[in-house]
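**Student:** Handing over entry_9.pdb, PDB, C-alpha atoms.
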ATOM      1  CA  MET A   1     153.521-130.966  62.357  1.00  0.00           C
ATOM      2  CA  ILE A   2     152.615-127.827  64.295  1.00  0.00           C
ATOM      3  CA  HIS A   3     154.977-125.679  62.220  1.00  0.00           C
ATOM      4  CA  ALA A   4     154.445-127.163  58.745  1.00  0.00           C
ATOM      5  CA  ASN A   5     152.934-125.046  55.962  1.00  0.00           C
ATOM      6  CA  TYR A   6     150.445-127.466  54.445  1.00  0.00           C
ATOM      7  CA  TYR A   7     149.712-125.047  51.569  1.00  0.00           C
ATOM      8  CA  GLU A   8     153.201-125.610  50.104  1.00  0.00           C
ATOM      9  CA  ARG A   9     153.727-128.096  47.253  1.00  0.00           C
ATOM     10  CA  GLN A  10     155.547-130.714  49.311  1.00  0.00           C
ATOM     11  CA  GLY A  11     154.458-132.502  52.462  1.00  0.00           C
ATOM     12  CA  LEU A  12     156.070-133.424  55.742  1.00  0.00           C
ATOM     13  CA  VAL A  13     158.806-136.033  55.171  1.00  0.00           C
ATOM     14  CA  ILE A  14     160.604-138.054  57.853  1.00  0.00           C
ATOM     15  CA  HIS A  15     163.565-140.286  56.923  1.00  0.00           C
ATOM     16  CA  ARG A  16     164.979-142.756  59.458  1.00  0.00           C
ATOM     17  CA  ARG A  17     168.391-144.254  58.846  1.00  0.00           C
ATOM     18  CA  PRO A  18     170.564-146.226  61.301  1.00  0.00           C
ATOM     19  CA  GLN A  19     172.552-143.160  62.427  1.00  0.00           C
ATOM     20  CA  LEU A  20     170.303-140.270  61.282  1.00  0.00           C
ATOM     21  CA  ILE A  21     166.745-138.958  61.424  1.00  0.00           C
ATOM     22  CA  THR A  22     165.831-136.163  58.992  1.00  0.00           C
ATOM     23  CA  ILE A  23     162.577-134.238  59.353  1.00  0.00           C
ATOM     24  CA  ALA A  24     161.642-131.933  56.462  1.00  0.00           C
ATOM     25  CA  ASN A  25     158.693-129.600  56.958  1.00  0.00           C
ATOM     26  CA  PRO A  26     157.090-127.627  54.161  1.00  0.00           C
ATOM     27  CA  GLY A  27     157.477-123.893  54.781  1.00  0.00           C
ATOM     28  CA  GLY A  28     160.140-121.671  56.234  1.00  0.00           C
ATOM     29  CA  MET A  29     160.825-120.795  59.842  1.00  0.00           C
ATOM     30  CA  ARG A  30     158.646-118.115  61.433  1.00  0.00           C
ATOM     31  CA  VAL A  31     161.464-117.181  63.818  1.00  0.00           C
ATOM     32  CA  SER A  32     165.176-117.060  63.039  1.00  0.00           C
ATOM     33  CA  VAL A  33     167.131-120.300  63.220  1.00  0.00           C
ATOM     34  CA  SER A  34     169.282-118.870  66.028  1.00  0.00           C
ATOM     35  CA  ASP A  35     166.160-117.851  68.012  1.00  0.00           C
ATOM     36  CA  ALA A  36     164.681-121.334  67.548  1.00  0.00           C
ATOM     37  CA  ILE A  37     167.888-122.951  68.818  1.00  0.00           C
ATOM     38  CA  PHE A  38     168.127-120.563  71.791  1.00  0.00           C
ATOM     39  CA  GLY A  39     164.426-121.030  72.575  1.00  0.00           C
ATOM     40  CA  GLY A  40     161.714-119.004  74.267  1.00  0.00           C
ATOM     41  CA  ILE A  41     159.929-117.608  71.197  1.00  0.00           C
ATOM     42  CA  SER A  42     156.732-119.330  70.102  1.00  0.00           C
ATOM     43  CA  ASP A  43     155.106-118.639  66.737  1.00  0.00           C
ATOM     44  CA  PRO A  44     153.260-121.799  65.667  1.00  0.00           C
ATOM     45  CA  ARG A  45     151.774-121.857  62.199  1.00  0.00           C
ATOM     46  CA  ASN A  46     149.004-124.339  63.106  1.00  0.00           C
ATOM     47  CA  VAL A  47     147.494-123.189  66.403  1.00  0.00           C
ATOM     48  CA  ALA A  48     144.673-125.759  66.271  1.00  0.00           C
ATOM     49  CA  LEU A  49     147.226-128.600  66.104  1.00  0.00           C
ATOM     50  CA  LEU A  50     149.138-127.018  68.983  1.00  0.00           C
ATOM     51  CA  LYS A  51     145.965-126.958  71.083  1.00  0.00           C
ATOM     52  CA  MET A  52     145.186-130.594  70.271  1.00  0.00           C
ATOM     53  CA  PHE A  53     148.723-131.726  71.166  1.00  0.00           C
ATOM     54  CA  GLY A  54     148.572-129.586  74.299  1.00  0.00           C
ATOM     55  CA  MET A  55     145.401-131.356  75.416  1.00  0.00           C
ATOM     56  CA  ILE A  56     147.298-134.661  75.506  1.00  0.00           C
ATOM     57  CA  ASN A  57     150.363-133.023  77.119  1.00  0.00           C
ATOM     58  CA  VAL A  58     152.817-133.479  74.251  1.00  0.00           C
ATOM     59  CA  ALA A  59     153.195-129.784  73.362  1.00  0.00           C
ATOM     60  CA  GLU A  60     153.092-126.405  75.016  1.00  0.00           C
ATOM     61  CA  ARG A  61     153.415-122.864  73.768  1.00  0.00           C
ATOM     62  CA  GLY A  62     156.820-122.144  75.251  1.00  0.00           C
ATOM     63  CA  GLY A  63     159.001-122.024  72.135  1.00  0.00           C
ATOM     64  CA  LEU A  64     161.334-124.627  73.608  1.00  0.00           C
ATOM     65  CA  GLY A  65     160.941-127.518  71.145  1.00  0.00           C
ATOM     66  CA  VAL A  66     164.081-126.996  69.048  1.00  0.00           C
ATOM     67  CA  SER A  67     166.197-125.851  71.989  1.00  0.00           C
ATOM     68  CA  SER A  68     165.114-128.962  73.942  1.00  0.00           C
ATOM     69  CA  ILE A  69     166.238-131.176  71.067  1.00  0.00           C
ATOM     70  CA  TYR A  70     169.623-129.434  70.927  1.00  0.00           C
ATOM     71  CA  TYR A  71     169.977-129.795  74.709  1.00  0.00           C
ATOM     72  CA  ALA A  72     169.096-133.525  74.636  1.00  0.00           C
ATOM     73  CA  TRP A  73     171.562-134.203  71.798  1.00  0.00           C
ATOM     74  CA  ASN A  74     174.292-132.382  73.720  1.00  0.00           C
ATOM     75  CA  GLU A  75     173.537-134.367  76.893  1.00  0.00           C
ATOM     76  CA  CYS A  76     173.844-137.634  74.953  1.00  0.00           C
ATOM     77  CA  GLY A  77     177.183-136.541  73.468  1.00  0.00           C
ATOM     78  CA  TRP A  78     175.875-136.730  69.914  1.00  0.00           C
ATOM     79  CA  LYS A  79     176.828-134.316  67.144  1.00  0.00           C
ATOM     80  CA  GLU A  80     174.868-131.087  67.166  1.00  0.00           C
ATOM     81  CA  PRO A  81     171.648-131.245  65.131  1.00  0.00           C
ATOM     82  CA  ALA A  82     171.526-129.278  61.885  1.00  0.00           C
ATOM     83  CA  LEU A  83     168.571-126.928  61.314  1.00  0.00           C
ATOM     84  CA  ILE A  84     168.475-125.660  57.715  1.00  0.00           C
ATOM     85  CA  GLU A  85     166.043-123.508  55.759  1.00  0.00           C
ATOM     86  CA  GLN A  86     165.677-123.982  52.010  1.00  0.00           C
ATOM     87  CA  PHE A  87     163.798-121.648  49.694  1.00  0.00           C
ATOM     88  CA  ASN A  88     161.792-122.091  46.490  1.00  0.00           C
ATOM     89  CA  PRO A  89     160.116-124.281  47.538  1.00  0.00           C
ATOM     90  CA  ASP A  90     160.328-123.278  51.189  1.00  0.00           C
ATOM     91  CA  ARG A  91     161.393-126.125  53.484  1.00  0.00           C
ATOM     92  CA  THR A  92     162.802-126.442  56.981  1.00  0.00           C
ATOM     93  CA  ILE A  93     165.016-129.475  57.556  1.00  0.00           C
ATOM     94  CA  LEU A  94     166.163-130.812  60.916  1.00  0.00           C
ATOM     95  CA  SER A  95     168.855-133.514  60.821  1.00  0.00           C
ATOM     96  CA  LEU A  96     169.452-135.505  63.995  1.00  0.00           C
ATOM     97  CA  GLY A  97     172.522-137.726  63.974  1.00  0.00           C
ATOM     98  CA  PHE A  98     173.323-140.371  66.559  1.00  0.00           C
ATOM     99  CA  GLU A  99     177.097-140.274  66.116  1.00  0.00           C
ATOM    100  CA  GLU A 100     179.172-139.231  69.093  1.00  0.00           C
ATOM    101  CA  TYR A 101     181.652-136.395  69.017  1.00  0.00           C
ATOM    102  CA  PRO A 102     185.082-137.997  68.445  1.00  0.00           C
ATOM    103  CA  ALA A 103     186.516-136.378  71.596  1.00  0.00           C
ATOM    104  CA  LEU A 104     183.773-137.896  73.754  1.00  0.00           C
ATOM    105  CA  ALA A 105     184.068-141.322  72.140  1.00  0.00           C
ATOM    106  CA  ASP A 106     187.811-141.387  72.936  1.00  0.00           C
ATOM    107  CA  ARG A 107     187.156-140.768  76.651  1.00  0.00           C
ATOM    108  CA  ILE A 108     184.771-143.700  77.026  1.00  0.00           C
TER     109      ILE A 108
END
Represent the structure contained in this file as structure tokens.
**Tutor:**
Amino acid sequence: MIHANYYERQGLVIHRRPQLITIANPGGMRVSVSDAIFGGISDPRNVALLKMFGMINVAERGGLGVSSIYYAWNECGWKEPALIEQFNPDRTILSLGFEEYPALADRI
């Protein structure tokens, strides 16, 4: 919500399936995908939303949101999330699967 471009034609869309959550934000990334995954760079599009979420302690301006998701998925042994940018119309899509890596599933 903090990074969505609400002036684009499409809105924020979240799909929940048994083994997958997909979050599609209108607008492109304001930092590179690799920088977002590595973390540490903050460039929110909606600063007022960031401040509101910060007041209830669910967001901070550290640029660690995407990298924290990747870290959590790795810790759980799930497949790496996919962060994709689409253009015309601009959209950023984050897919979060709950399937384990086959190598980890075999060890359990």
**Student:** From the options A:Asp43, A:Trp73, A:His15, A:Arg9, which residue's atoms come nearest to A:Glu60, counting all atoms listed in the file?
**Tutor:** A:Asp43
**Student:** Between A:Thr22, A:Met1, A:Thr92, A:Lys79, which is the closest to A:Val47 once you count all atoms listed in the file?
**Tutor:**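 Closest residue, counting all atoms listed in the file: A:Met1.
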**Student:** Mind giving me the axis-aligned box for stretch 60-67 of chain A with 5 Å on every side, centre plus edges in Å to one decimal, as AutoDock Vina command-line options?
**Tutor:**
--center_x 159.6 --center_y -124.8 --center_z 72.1 --size_x 23.1 --size_y 15.5 --size_z 16.2
**Student:** Once the PyMOL selection byres ((chain A and resi 42) around 6) has been evaluated on this model, what residues remain selected, and can you format them as a PyMOL selection string?
**Tutor:** chain A and resi 41+43+62-63
**Student:** Taking the file as shown, what set of residues would the PyMOL selection byres ((chain A and resi 24) around 12) give back, as a PDB file with C-alpha atoms, keeping the file's coordinate frame?
**Tutor:**
ATOM      1  CA  MET A   1     153.521-130.966  62.357  1.00  0.00           C
ATOM      2  CA  HIS A   3     154.977-125.679  62.220  1.00  0.00           C
ATOM      3  CA  ALA A   4     154.445-127.163  58.745  1.00  0.00           C
ATOM      4  CA  ASN A   5     152.934-125.046  55.962  1.00  0.00           C
ATOM      5  CA  GLN A  10     155.547-130.714  49.311  1.00  0.00           C
ATOM      6  CA  GLY A  11     154.458-132.502  52.462  1.00  0.00           C
ATOM      7  CA  LEU A  12     156.070-133.424  55.742  1.00  0.00           C
ATOM      8  CA  VAL A  13     158.806-136.033  55.171  1.00  0.00           C
ATOM      9  CA  ILE A  14     160.604-138.054  57.853  1.00  0.00           C
ATOM     10  CA  HIS A  15     163.565-140.286  56.923  1.00  0.00           C
ATOM     11  CA  ARG A  16     164.979-142.756  59.458  1.00  0.00           C
ATOM     12  CA  ILE A  21     166.745-138.958  61.424  1.00  0.00           C
ATOM     13  CA  THR A  22     165.831-136.163  58.992  1.00  0.00           C
ATOM     14  CA  ILE A  23     162.577-134.238  59.353  1.00  0.00           C
ATOM     15  CA  ASN A  25     158.693-129.600  56.958  1.00  0.00           C
ATOM     16  CA  PRO A  26     157.090-127.627  54.161  1.00  0.00           C
ATOM     17  CA  GLY A  27     157.477-123.893  54.781  1.00  0.00           C
ATOM     18  CA  GLY A  28     160.140-121.671  56.234  1.00  0.00           C
ATOM     19  CA  MET A  29     160.825-120.795  59.842  1.00  0.00           C
ATOM     20  CA  ALA A  82     171.526-129.278  61.885  1.00  0.00           C
ATOM     21  CA  LEU A  83     168.571-126.928  61.314  1.00  0.00           C
ATOM     22  CA  ILE A  84     168.475-125.660  57.715  1.00  0.00           C
ATOM     23  CA  GLU A  85     166.043-123.508  55.759  1.00  0.00           C
ATOM     24  CA  GLN A  86     165.677-123.982  52.010  1.00  0.00           C
ATOM     25  CA  PRO A  89     160.116-124.281  47.538  1.00  0.00           C
ATOM     26  CA  ASP A  90     160.328-123.278  51.189  1.00  0.00           C
ATOM     27  CA  ARG A  91     161.393-126.125  53.484  1.00  0.00           C
ATOM     28  CA  THR A  92     162.802-126.442  56.981  1.00  0.00           C
ATOM     29  CA  ILE A  93     165.016-129.475  57.556  1.00  0.00           C
ATOM     30  CA  LEU A  94     166.163-130.812  60.916  1.00  0.00           C
ATOM     31  CA  SER A  95     168.855-133.514  60.821  1.00  0.00           C
ATOM     32  CA  LEU A  96     169.452-135.505  63.995  1.00  0.00           C
TER      33      LEU A  96
END
**Student:** By how many Å are atom CA of A:Glu100 and atom CA of A:Pro81 apart?
**Tutor:**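 It comes out at 11.7 Å.
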**Student:** What is the atom CA of A:Arg45-atom CA of A:Val58 distance in Å, reported with one decimal?
**Tutor:** 16.8 Å
**Student:** Quick check, in Å to one decimal: how far apart do atom CA of A:Phe98 and atom CA of A:Ser67 lie?
**Tutor:** 17.1 Å
**Student:** So, counting all atoms listed in the file, which residue among A:Pro18, A:Gly97, A:Ile2, A:Met52 is closest to A:Ala72?
**Tutor:**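 For A:Ala72, the nearest of the candidates is A:Gly97.
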**Student:** Smallest atom-to-atom distance to A:Glu80: which of A:Ala48, A:Val31, A:Leu20, A:Ile56, using all atoms listed in the file?
**Tutor:** A:Leu20
**Student:** Using only C-alpha atoms, which of the listed residues (A:Asn57, A:Glu99, A:Leu64, A:Asn46) sits closest to A:Gly77?
**Tutor:**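 Among A:Asn57, A:Glu99, A:Leu64, A:Asn46, it is A:Glu99 that comes nearest to A:Gly77.
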**Student:** Name the closest residue to A:Ser68 among the candidates A:Glu8, A:Arg30, A:Ala36, A:Met55; distances are taken between atoms, counting all atoms listed in the file.
**Tutor:**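 Looking at the shortest contact to A:Ser68, the residue is A:Ala36.
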